[in-house]
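As structure tokens, the structure follows; a few thoughts come after it.
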Amino acid sequence: MLGEEVRVTDWFIIHFTENNGMAFGKEFGGKMGKLFLSLFRIVAVTGIFYWMHKTIKSKGSQILIYSIALIFAGALGNILDSLIYGVVFDDSLNQVSTFMPEAGGYAPMLFGKVVDMLYFPMWKGFLPEWIPLWGGDYFIFFQPIFNLADAAISLGVIIMLLFQKQMFTEEDFD
């Protein structure tokens, strides 16, 4: 059910939540914003696939290919959630959702939510007063709840940032 969780350890919790929009649950523009976001994701994933295909064909750096593949796989996973999750499941608010309900899903194609479940609240407590802006406030480190697709995208981007000199040559930017 929405909000249900399983404590694996004190700092690792499987927490079922649904994300209506973008990263950190941000939304914009109601139904039209959701449609735009879904269509934008499809265009972006198509571009990422083209980039990966081009890099493979030109025998680009293996680490670049793996990074792009992680980003592509994660983006595709989130798109599939958005595309079909609302069509094949009913609402999970105060109930366990049903797969392929007779009355249909909770949303039409492109308007589904993305399921997030990985939660790592590694540290909880009050920050020292001397910290600017947040001093004295209750703080949870690492608060976002995410999914494997988000992790794949993040890992791909981090690898690109860490190994950019090995992945790209000056010729790539000519």
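By convention in this document, the chains of the structure tokens carry letters A, B, ... by their order, each chain's residues are numbered from 1, and ligands are numbered from 1 in the order they are shown.
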Helix (DSSP H, G or I) residues, from DSSP on the backbone, in chain A, as a PyMOL selection string: chain A and resi 23-25+30-57+62-88+148-162+164-167+170-173
Contact check, segment 32-74 of chain A to segment 1-24 of chain A, at most 10 Å, counting only C-alpha atoms, closest pairs as a Markdown table:
| residue | atom | partner | partner_atom | distance |
| --- | --- | --- | --- | --- |
| A:Gly33 | CA | A:Gly21 | CA | 8.8 |
| A:Lys34 | CA | A:Gly21 | CA | 6.8 |
| A:Leu37 | CA | A:Gly21 | CA | 7.8 |
| A:Ser38 | CA | A:Gly21 | CA | 9.1 |
I need the chosen residues saved as a PDB file, in the first residue's frame, with N, CA and C atoms.
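Here's the written file part34.pdb:
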ATOM      1  N   GLY A  33       1.139  19.736 -17.898  1.00  0.00           N
ATOM      2  CA  GLY A  33       2.536  19.632 -17.487  1.00  0.00           C
ATOM      3  C   GLY A  33       3.002  18.187 -17.453  1.00  0.00           C
ATOM      4  N   LYS A  34       2.145  17.291 -16.953  1.00  0.00           N
ATOM      5  CA  LYS A  34       2.473  15.861 -16.911  1.00  0.00           C
ATOM      6  C   LYS A  34       2.607  15.307 -18.323  1.00  0.00           C
ATOM      7  N   LEU A  37       5.856  16.592 -19.741  1.00  0.00           N
ATOM      8  CA  LEU A  37       6.971  15.876 -19.117  1.00  0.00           C
ATOM      9  C   LEU A  37       7.124  14.481 -19.721  1.00  0.00           C
ATOM     10  N   SER A  38       6.021  13.759 -19.894  1.00  0.00           N
ATOM     11  CA  SER A  38       6.082  12.416 -20.475  1.00  0.00           C
ATOM     12  C   SER A  38       6.595  12.456 -21.907  1.00  0.00           C
TER      13      SER A  38
END
Coordinates-based distance that separates atom CA of Asp90 of chain A from atom CA of Ala103 of chain A (Å, one decimal):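 We find that atom CA of Ala103 of chain A and atom CA of Asp90 of chain A lie 8.4 Å from each other.
Each of A:Ser67, A:Val115, A:Gly86, A:Leu161 was checked against Thr98 of chain A using only C-alpha atoms; the smallest atom-to-atom distance is that of A:Gly86.
Minimum atom-to-atom distance to Ala151 of chain A, evaluated using only C-alpha atoms, belongs to A:Phe72 out of A:Phe168, A:Phe139, A:Phe89, A:Phe72.
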Residue nearest Ile65 of chain A among A:Ser97, A:Phe146, A:Tyr138, A:Met52 (counting only C-alpha atoms):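 Of the candidates, the smallest distance to Ile65 of chain A is held by A:Met52.
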Those in chain A with strand (DSSP E or B) from DSSP, as a ChimeraX atom specification: /A:5-9,12-19,89,99,114-119,123-126,138-141,145-146
Keeping only C-alpha atoms, write those residues as a JSON list (two decimals), in the first residue's frame.
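The resulting selection17.json:
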[["chain", "number", "residue", "atom", "x", "y", "z"],
["A", 5, "GLU", "CA", 7.53, 0.20, 4.40],
["A", 6, "VAL", "CA", 9.86, -2.62, 5.32],
["A", 7, "ARG", "CA", 12.83, -1.81, 7.56],
["A", 8, "VAL", "CA", 15.87, -3.68, 6.32],
["A", 9, "THR", "CA", 18.21, -1.80, 8.71],
["A", 12, "PHE", "CA", 17.88, 1.22, 4.73],
["A", 13, "ILE", "CA", 14.12, 1.16, 4.32],
["A", 14, "ILE", "CA", 12.00, -0.08, 1.42],
["A", 15, "HIS", "CA", 9.25, 2.56, 1.41],
["A", 16, "PHE", "CA", 6.51, 2.43, -1.25],
["A", 17, "THR", "CA", 5.71, 5.84, -2.66],
["A", 18, "GLU", "CA", 4.57, 7.16, -6.03],
["A", 19, "ASN", "CA", 6.14, 10.16, -7.69],
["A", 89, "PHE", "CA", -2.82, -0.81, -11.80],
["A", 99, "PHE", "CA", -2.98, -5.57, -11.44],
["A", 114, "VAL", "CA", 6.68, 6.54, -11.10],
["A", 115, "VAL", "CA", 7.17, 4.09, -8.23],
["A", 116, "ASP", "CA", 9.97, 4.93, -5.80],
["A", 117, "MET", "CA", 10.99, 2.65, -2.96],
["A", 118, "LEU", "CA", 14.60, 2.97, -1.84],
["A", 119, "TYR", "CA", 15.10, 5.13, 1.25],
["A", 123, "TRP", "CA", 21.56, 10.16, 9.86],
["A", 124, "LYS", "CA", 18.74, 11.97, 11.66],
["A", 125, "GLY", "CA", 19.08, 14.77, 14.16],
["A", 126, "PHE", "CA", 19.31, 18.48, 14.83],
["A", 138, "TYR", "CA", 15.91, 18.79, 12.28],
["A", 139, "PHE", "CA", 17.73, 17.17, 9.38],
["A", 140, "ILE", "CA", 17.68, 13.76, 7.70],
["A", 141, "PHE", "CA", 20.67, 12.75, 5.60],
["A", 145, "ILE", "CA", 13.23, 8.15, -1.85],
["A", 146, "PHE", "CA", 14.22, 6.82, -5.26]]
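The nearest approach to Ile158 of chain A among the residues A:Ile68, A:Met32, A:Met122, A:Val43, with only C-alpha atoms taken into account, belongs to A:Ile68.
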Pick from A:Leu39, A:Leu133, A:Ala69, A:Leu64 nearest to Leu110 of chain A, counting only C-alpha atoms: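 Counting only C-alpha atoms, the residue closest to Leu110 of chain A is A:Leu39.
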Polymer residues at most 6 Å from Gly112 of chain A, only C-alpha atoms, same-chain spacing of 6 or more positions, as a VMD selection string: chain A and resid 82 to 83 85 to 86
Write the residues of the selection above to a file with N, CA and C atoms, as an mmCIF file, in the first residue's frame.
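Output (result-v1.cif):
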data_model
loop_
_atom_site.group_PDB
_atom_site.id
_atom_site.type_symbol
_atom_site.label_atom_id
_atom_site.label_comp_id
_atom_site.auth_asym_id
_atom_site.auth_seq_id
_atom_site.Cartn_x
_atom_site.Cartn_y
_atom_site.Cartn_z
ATOM 1 N N SER A 82 5.781 5.710 -16.152
ATOM 2 C CA SER A 82 4.873 6.809 -16.489
ATOM 3 C C SER A 82 3.867 6.404 -17.566
ATOM 4 N N LEU A 83 4.343 5.654 -18.533
ATOM 5 C CA LEU A 83 3.479 5.265 -19.652
ATOM 6 C C LEU A 83 2.381 4.291 -19.249
ATOM 7 N N TYR A 85 2.090 2.316 -15.930
ATOM 8 C CA TYR A 85 1.766 1.979 -14.545
ATOM 9 C C TYR A 85 0.318 2.352 -14.209
ATOM 10 N N GLY A 86 -0.108 3.543 -14.625
ATOM 11 C CA GLY A 86 -1.470 3.981 -14.336
ATOM 12 C C GLY A 86 -2.536 3.233 -15.114
#
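Our summary of the geometry notes that atom CA of Ser61 of chain A is positioned 11.0 Å from atom CA of Met160 of chain A.
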